[in-house]
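Colleague: So here's upload_0.cif, just mmCIF, C-alpha atoms:
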data_structure
loop_
_atom_site.label_atom_id
_atom_site.label_comp_id
_atom_site.auth_asym_id
_atom_site.auth_seq_id
_atom_site.Cartn_x
_atom_site.Cartn_y
_atom_site.Cartn_z
CA MET C 324 0.00 0.00 0.00
CA ALA C 325 1.37 3.45 -0.91
CA LEU C 326 2.58 5.60 1.97
CA ALA C 327 0.20 8.44 1.05
CA VAL C 328 -2.78 6.08 1.16
CA CYS C 329 -1.74 4.62 4.51
CA LEU C 330 -1.45 8.00 6.16
CA ALA C 331 -4.59 9.26 4.51
CA GLN C 332 -6.37 6.49 6.38
CA ASN C 333 -4.49 6.78 9.67
CA GLY C 334 -2.98 10.26 9.93
CA SER C 335 -4.34 13.68 10.88
CA LEU C 336 -5.08 16.38 8.32
CA GLU C 337 -1.85 18.12 9.33
CA THR C 338 0.16 14.93 8.88
CA ARG C 339 -1.41 14.20 5.51
CA ALA C 340 -0.55 17.66 4.22
CA PHE C 341 2.98 17.31 5.57
CA LEU C 342 3.39 13.93 3.89
CA LEU C 343 2.28 15.15 0.48
CA ALA C 344 4.90 17.89 0.65
CA ALA C 345 7.68 15.68 2.02
CA ALA C 346 7.32 12.28 0.35
CA PRO C 347 8.74 11.47 -3.10
CA ALA C 348 6.25 10.90 -5.91
CA GLN C 349 6.30 7.13 -5.69
CA ASN C 350 5.66 4.28 -3.31
CA PRO C 351 8.76 4.26 -1.06
CA SER C 352 8.27 0.58 -0.19
CA SER C 353 8.55 -0.44 -3.85
CA ASP C 354 11.51 -2.50 -5.01
CA HIS C 355 11.56 -0.87 -8.44
CA GLN C 356 15.14 0.26 -9.06
CA GLY C 357 14.24 3.74 -10.28
CA GLN C 358 12.30 4.52 -7.12
CA ILE C 359 14.95 3.94 -4.45
CA ARG C 360 17.12 6.83 -3.34
CA PRO C 361 20.68 5.69 -2.56
CA PHE C 362 22.43 7.12 0.48
CA THR C 363 24.99 6.54 3.25
CA ALA C 364 24.19 7.31 6.90
CA THR C 365 26.62 7.47 9.82
CA MET C 366 24.94 6.39 13.06
CA THR C 367 25.40 5.75 16.75
CA THR C 368 23.64 3.33 19.12
CA LYS C 369 23.60 3.89 22.89
CA TYR C 370 22.49 1.15 25.29
CA LEU C 371 21.40 2.40 28.73
CA THR C 372 21.56 -0.10 31.59
CA GLU C 373 19.41 -0.14 34.70
CA SER C 374 22.38 1.16 36.70
CA GLY C 375 22.68 4.17 34.41
CA ALA C 376 25.79 2.98 32.58
CA GLU C 377 26.03 3.69 28.85
CA LEU C 378 27.46 1.46 26.11
CA ALA C 379 27.87 3.12 22.73
CA PHE C 380 28.63 1.77 19.26
CA SER C 381 29.13 3.60 15.96
CA TYR C 382 28.25 2.20 12.55
CA THR C 383 27.39 3.18 8.98
CA PHE C 384 24.33 2.17 6.96
CA TYR C 385 24.45 1.98 3.15
CA LYS C 386 21.53 1.86 0.67
CA ARG C 387 21.92 1.23 -3.06
CA SER C 388 19.52 2.26 -5.83
CA ASP C 389 18.87 -1.42 -6.63
CA GLY C 390 17.55 -1.95 -3.09
CA GLY C 391 20.71 -3.48 -1.63
CA CYS C 392 21.69 -2.40 1.87
CA ALA C 393 24.68 -2.91 4.14
CA GLU C 394 26.06 -2.08 7.58
CA PHE C 395 29.61 -1.75 8.85
CA GLY C 396 30.49 -0.77 12.38
CA GLU C 397 31.53 -1.56 15.92
CA THR C 398 30.34 -4.60 17.86
CA GLU C 399 31.24 -6.72 20.88
CA ALA C 400 31.54 -10.48 21.45
CA PHE C 401 32.11 -11.99 24.89
CA GLY C 402 33.57 -8.72 26.18
CA GLU C 403 35.87 -8.18 23.19
CA ARG C 404 35.32 -5.17 20.92
CA GLY C 405 35.55 -5.55 17.16
CA VAL C 406 33.76 -4.71 13.91
CA TYR C 407 30.99 -6.32 11.89
CA GLN C 408 29.74 -6.16 8.32
CA ASP C 409 26.42 -7.37 6.92
CA PHE C 410 24.94 -6.81 3.48
CA THR C 411 21.87 -7.81 1.48
CA ASP C 412 22.45 -8.08 -2.27
CA PRO C 413 19.22 -8.47 -4.29
CA ARG C 414 21.23 -9.16 -7.47
CA ARG C 415 22.83 -12.27 -5.98
CA ARG C 416 19.84 -12.96 -3.72
CA VAL C 417 21.95 -13.42 -0.59
CA HIS C 418 22.31 -11.84 2.84
CA THR C 419 25.96 -12.08 3.87
CA MET C 420 27.13 -11.87 7.47
CA LEU C 421 30.85 -11.37 8.07
CA ASP C 422 32.45 -12.34 11.38
CA PHE C 423 35.72 -10.45 11.84
CA PHE C 424 36.51 -12.27 15.09
CA VAL C 425 36.95 -15.57 13.25
CA GLN C 426 37.61 -14.14 9.75
CA ALA C 427 34.79 -15.98 7.97
CA ALA C 428 31.43 -15.23 6.33
CA VAL C 429 28.04 -16.89 5.86
CA ALA C 430 26.03 -16.05 2.72
CA PHE C 431 22.41 -16.86 3.58
CA PRO C 432 20.38 -17.60 0.41
CA LEU C 433 17.22 -15.53 -0.19
CA PRO C 434 15.02 -17.62 -2.51
CA ASP C 435 11.86 -15.56 -1.98
CA ASP C 436 12.17 -11.94 -0.85
CA ALA C 437 15.67 -10.57 -1.51
CA SER C 438 14.88 -7.03 -0.34
CA CYS C 439 16.22 -5.40 2.81
CA LYS C 440 14.22 -6.08 5.94
CA ASP C 441 13.16 -3.69 8.69
CA GLY C 442 15.09 -4.09 11.91
CA ILE C 443 15.10 -1.88 14.96
CA VAL C 444 15.82 0.93 12.51
CA PRO C 445 13.23 0.73 9.69
CA VAL C 446 14.46 0.79 6.09
CA THR C 447 11.02 0.57 4.43
CA CYS C 448 7.56 2.11 4.85
CA LYS C 449 5.92 -1.25 5.62
CA GLY C 450 5.19 -0.18 9.20
CA PHE C 451 2.40 2.04 7.87
CA GLY C 452 0.82 -0.56 5.60
CA GLU C 453 1.04 -3.30 8.25
CA GLY C 454 -0.52 -1.09 10.90
CA ARG C 455 2.50 -1.36 13.23
CA TRP C 456 3.04 2.40 13.44
CA LYS C 457 0.88 4.96 15.21
CA VAL C 458 1.51 8.46 13.86
CA LEU C 459 2.40 10.95 16.62
CA GLY C 460 3.41 14.02 14.63
CA THR C 461 5.81 15.55 12.14
CA GLY C 462 9.01 17.58 12.21
CA HIS C 463 12.50 17.84 10.77
CA LEU C 464 15.82 16.10 11.49
CA LEU C 465 19.07 16.76 9.61
CA ASN C 466 17.14 19.26 7.47
CA MET C 467 14.80 16.48 6.29
CA PRO C 468 11.05 16.15 6.92
CA VAL C 469 10.27 13.29 9.31
CA ILE C 470 7.15 11.59 10.62
CA GLU C 471 7.21 10.59 14.28
CA VAL C 472 5.61 7.21 14.89
CA GLU C 473 5.23 4.81 17.80
CA GLU C 474 5.59 1.02 17.60
CA HIS C 475 4.66 -1.50 20.29
CA VAL C 476 7.52 -4.01 20.56
CA HIS C 477 6.69 -6.37 23.42
CA ARG C 478 4.65 -6.08 26.60
CA ASP C 479 5.55 -2.64 28.03
CA ILE C 480 8.34 -1.91 25.51
CA TYR C 481 7.67 0.78 22.89
CA ARG C 482 9.74 2.53 20.24
CA ARG C 483 9.38 6.09 19.04
CA ILE C 484 10.79 6.38 15.53
CA TRP C 485 11.36 9.43 13.36
CA VAL C 486 11.15 8.19 9.74
CA ALA C 487 12.24 10.16 6.67
CA PRO C 488 9.81 9.68 3.74
CA GLU C 489 12.33 10.92 1.17
CA LEU C 490 14.69 8.09 2.23
CA GLY C 491 12.01 5.40 1.97
CA CYS C 492 11.03 5.76 5.66
CA PHE C 493 14.56 5.15 6.92
CA GLY C 494 14.63 5.85 10.66
CA LEU C 495 16.72 8.91 11.52
CA LYS C 496 16.15 8.41 15.25
CA VAL C 497 14.84 5.55 17.41
CA VAL C 498 14.16 5.72 21.14
CA GLU C 499 13.24 2.41 22.80
CA ALA C 500 11.80 2.51 26.31
CA ASP C 501 9.77 0.50 28.77
CA ALA C 502 7.51 1.73 31.56
CA SER C 503 10.44 2.72 33.78
CA ARG C 504 13.35 3.85 31.62
CA THR C 505 14.89 4.47 28.22
CA ARG C 506 16.70 1.33 27.07
CA ARG C 507 18.28 2.30 23.75
CA ILE C 508 18.77 5.39 21.56
CA ILE C 509 19.81 5.17 17.90
CA GLU C 510 20.57 8.38 16.01
CA VAL C 511 21.72 9.23 12.50
CA LEU C 512 24.55 11.77 12.65
CA SER C 513 24.86 12.53 8.94
CA VAL C 514 23.43 11.49 5.56
CA ARG C 515 25.24 11.59 2.22
CA LEU C 516 23.10 11.11 -0.88
CA GLY C 517 24.37 9.02 -3.79
CA GLU C 518 25.50 5.46 -4.42
CA PRO C 519 27.52 3.96 -1.54
CA GLU C 520 31.02 2.54 -1.81
CA ALA C 521 31.20 -0.87 -3.51
CA TRP C 522 33.53 -2.58 -1.01
CA VAL C 523 30.86 -2.83 1.68
CA PHE C 524 28.91 -5.25 -0.55
CA GLU C 525 31.87 -7.59 -1.01
CA VAL C 526 33.44 -10.33 1.10
CA PRO C 527 37.04 -9.33 2.00
CA SER C 528 39.93 -11.37 0.68
CA GLY C 529 40.86 -14.22 3.00
CA PHE C 530 37.33 -14.68 4.39
CA PRO C 531 36.08 -18.18 3.47
CA LEU C 532 32.36 -18.70 2.93
CA VAL C 533 31.11 -21.18 5.55
CA THR C 534 27.78 -22.60 6.70
CA PRO C 535 26.12 -21.60 10.00
CA LEU C 536 27.34 -24.72 11.81
CA GLU C 537 30.87 -24.15 10.53
CA LEU C 538 30.79 -20.57 11.78
CA GLU C 539 29.54 -21.75 15.17
CA ALA C 540 32.45 -24.21 15.35
CA LEU C 541 34.94 -21.44 14.53
CA THR C 542 33.40 -19.25 17.24
CA LYS C 543 33.79 -22.07 19.79
CA GLN C 544 37.44 -22.43 18.81
CA ARG C 545 37.98 -18.67 19.22
CA PHE C 546 36.02 -18.01 22.43
CA GLY C 547 35.43 -21.42 24.00
CA ARG C 548 31.69 -21.18 23.36
CA GLY C 549 29.35 -20.60 20.45
CA GLY C 550 27.65 -17.40 19.48
CA TRP C 551 24.21 -18.77 18.56
CA GLY C 552 24.07 -21.91 20.68
CA ASP C 553 23.76 -25.43 19.28
CA ALA C 554 19.98 -25.46 18.81
CA VAL C 555 19.87 -22.15 16.91
CA ALA C 556 22.94 -23.01 14.82
CA GLU C 557 21.42 -26.36 13.80
CA ARG C 558 18.13 -24.68 12.87
CA LEU C 559 20.00 -22.07 10.80
CA GLU C 560 21.99 -24.84 9.11
CA ARG C 561 18.82 -26.68 8.04
CA LYS C 562 17.28 -23.48 6.72
CA TYR C 563 20.51 -22.56 4.95
CA TRP C 564 20.53 -25.78 2.89
CA GLN C 565 16.78 -25.70 2.25
CA ASP C 566 16.93 -22.11 1.00
CA LYS C 567 20.05 -22.83 -1.04
CA ALA C 568 18.28 -25.68 -2.84
CA ARG C 569 15.17 -23.53 -3.44
CA LEU C 570 17.28 -20.67 -4.80
CA GLU C 571 19.14 -22.98 -7.18
CA ARG C 572 15.84 -24.37 -8.50
CA ARG C 573 14.51 -20.83 -8.92
CA LEU C 574 17.59 -19.69 -10.87
CA VAL C 575 17.38 -22.54 -13.40
CA GLN C 576 13.67 -22.05 -14.12
#
Translate this structure into structure tokens?
Modeller:
Amino acid sequence: MALAVCLAQNGSLETRAFLLAAAPAQNPSSDHQGQIRPFTATMTTKYLTESGAELAFSYTFYKRSDGGCAEFGETEAFGERGVYQDFTDPRRRVHTMLDFFVQAAVAFPLPDDASCKDGIVPVTCKGFGEGRWKVLGTGHLLNMPVIEVEEHVHRDIYRRIWVAPELGCFGLKVVEADASRTRRIIEVLSVRLGEPEAWVFEVPSGFPLVTPLELEALTKQRFGRGGWGDAVAERLERKYWQDKARLERRLVQ
């Protein structure tokens, strides 16, 4: 459903007028190549603990005009800081996760929907069409029009998200809180329009492609324990081979 239609049904008169002025003249959730605005966004995530301590990570989000998206930034595993890189490539129909702690990568096949998926930070406008977002108001962030929405996550946990229609409803700010405190704040620090760098959609030299179970084994060798746990790793392994077979059948049809 087009963003304008969704808000016409759910938004106020003020929000509808704001949307018509701010949104591009297309359906931002479409996968059509000519309708996706490429950009690169530098971001920061802050986790706030119950004791008041703060843990911060920086990362960069990349969006291509063909719908591909990627992230590269700081992470932590078992108390050790490092970097991570993930990317979804609709041309190859894979989502690749790189683990820099063990120097290996898993390319998860995407036999059905090869588009980028909404996470904590939305990258599509599907929250409107699926009824997940309640419109709270409008405003501007980084000199861009934004729509402030609220999403119920789980029990008493809610997220307030400021989405930018001209970037396909990419979230420029996310504040996650429960009934007692703010748990997490994600903010975009800067946005550069245009196609992102190519390297972030490639597996670095020296990184072998492995299966989920093989990556779990490498993690156990590195840290003495697995990252996913045996049950999750085995489930991912089964899905990996099922999706790989489905994708191969789809490509030869």
Colleague: What do you get, as number ranges by chain, if you spell out every residue that the PyMOL selection byres ((chain C and resi 405) around 12) selects here?
Modeller: C: 380-382, 395-404, 406-408, 421-426
Colleague: Skip Gly375 (chain C) itself and residues of its chain fewer than 4 positions away, then list as a PyMOL selection string all residues within 10 Å of it, counting all atoms listed in the file.
Modeller: chain C and resi 370-371+504-506
Colleague: Once the PyMOL selection byres ((chain C and resi 364) around 6) has been evaluated on this model, what residues remain selected, and can you format them as a list in words?
Modeller: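 Here the PyMOL selection byres ((chain C and resi 364) around 6) matches Thr363, Thr365, Thr383, Phe384, Ser513 and Val514 of chain C.
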Colleague: Since we have the selection now, will you write its residues out, keeping C-alpha atoms, as a PDB file, keeping the file's coordinate frame?
Modeller:
ATOM      1  CA  THR C 363      24.990   6.540   3.250  1.00  0.00           C
ATOM      2  CA  THR C 365      26.620   7.470   9.820  1.00  0.00           C
ATOM      3  CA  THR C 383      27.390   3.180   8.980  1.00  0.00           C
ATOM      4  CA  PHE C 384      24.330   2.170   6.960  1.00  0.00           C
ATOM      5  CA  SER C 513      24.860  12.530   8.940  1.00  0.00           C
ATOM      6  CA  VAL C 514      23.430  11.490   5.560  1.00  0.00           C
TER       7      VAL C 514
END
Colleague: Name the residues captured by the PyMOL selection byres ((chain C and resi 458) around 8) when it is applied to the shown file; answer as a ChimeraX atom specification.
Modeller: /C:333-334,456-457,459-460,470-473
Colleague: Tell me which protein, DNA and RNA residues are within 12 Å of Glu571 (chain C), counting only C-alpha atoms, leaving out same-chain ones fewer than 3 positions away, and put them as a list in words.
Modeller: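 Final neighbour list, sorted by chain and number: Arg415, Arg416, Val417, Pro432, Leu433, Pro434, Asp435, Trp564, Gln565, Asp566, Lys567, Ala568, Leu574, Val575 and Gln576 of chain C.
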Colleague: Write out, as a PDB file, in the frame of the given file, the residues just selected, with C-alpha atoms.
Modeller:
ATOM      1  CA  ARG C 415      22.830 -12.270  -5.980  1.00  0.00           C
ATOM      2  CA  ARG C 416      19.840 -12.960  -3.720  1.00  0.00           C
ATOM      3  CA  VAL C 417      21.950 -13.420  -0.590  1.00  0.00           C
ATOM      4  CA  PRO C 432      20.380 -17.600   0.410  1.00  0.00           C
ATOM      5  CA  LEU C 433      17.220 -15.530  -0.190  1.00  0.00           C
ATOM      6  CA  PRO C 434      15.020 -17.620  -2.510  1.00  0.00           C
ATOM      7  CA  ASP C 435      11.860 -15.560  -1.980  1.00  0.00           C
ATOM      8  CA  TRP C 564      20.530 -25.780   2.890  1.00  0.00           C
ATOM      9  CA  GLN C 565      16.780 -25.700   2.250  1.00  0.00           C
ATOM     10  CA  ASP C 566      16.930 -22.110   1.000  1.00  0.00           C
ATOM     11  CA  LYS C 567      20.050 -22.830  -1.040  1.00  0.00           C
ATOM     12  CA  ALA C 568      18.280 -25.680  -2.840  1.00  0.00           C
ATOM     13  CA  LEU C 574      17.590 -19.690 -10.870  1.00  0.00           C
ATOM     14  CA  VAL C 575      17.380 -22.540 -13.400  1.00  0.00           C
ATOM     15  CA  GLN C 576      13.670 -22.050 -14.120  1.00  0.00           C
TER      16      GLN C 576
END
Colleague: Which is closest to Arg360 (chain C) among C:Val498, C:Leu516, C:Cys448, C:Ala393, if we use all atoms listed in the file?
Modeller: C:Leu516
Colleague: Using only C-alpha atoms for the distances, tell me which of C:Ile443, C:Leu541, C:Phe546, C:Tyr481 is nearest to Leu495 (chain C).
Modeller: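 Among C:Ile443, C:Leu541, C:Phe546, C:Tyr481, it is C:Ile443 that comes nearest to Leu495 (chain C).
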Colleague: Point out the residue among C:Tyr563, C:Ala502, C:Pro535, C:Gly454 with the least atom-to-atom distance to Arg478 (chain C), counting only C-alpha atoms.
Modeller: C:Ala502
Colleague: Write out as number ranges by chain the residues lying within 12 Å of Asn466 (chain C), counting all atoms listed in the file and excluding same-chain residues fewer than 3 positions away.
Modeller: C: 345, 462-463, 469, 487, 489, 495, 512-514
Colleague: Taking only C-alpha atoms into account, name the residue in C:Val429, C:Glu520, C:Gly547, C:Thr419 that is nearest to Glu560 (chain C).
Modeller: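 Of the candidates, the smallest distance to Glu560 (chain C) is held by C:Val429.
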Colleague: List every protein, DNA or RNA residue with an atom no more than 7 Å from (22.8, 1.2, 19.3) in the file's coordinates, counting all atoms listed in the file, and format the result as a CSV table (one decimal) with C-alpha atoms, keeping the file's coordinate frame.
Modeller:
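File written: out.csv
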chain,number,residue,atom,x,y,z
C,367,THR,CA,25.4,5.8,16.8
C,368,THR,CA,23.6,3.3,19.1
C,369,LYS,CA,23.6,3.9,22.9
C,370,TYR,CA,22.5,1.2,25.3
C,379,ALA,CA,27.9,3.1,22.7
C,380,PHE,CA,28.6,1.8,19.3
C,507,ARG,CA,18.3,2.3,23.8
C,508,ILE,CA,18.8,5.4,21.6
C,509,ILE,CA,19.8,5.2,17.9
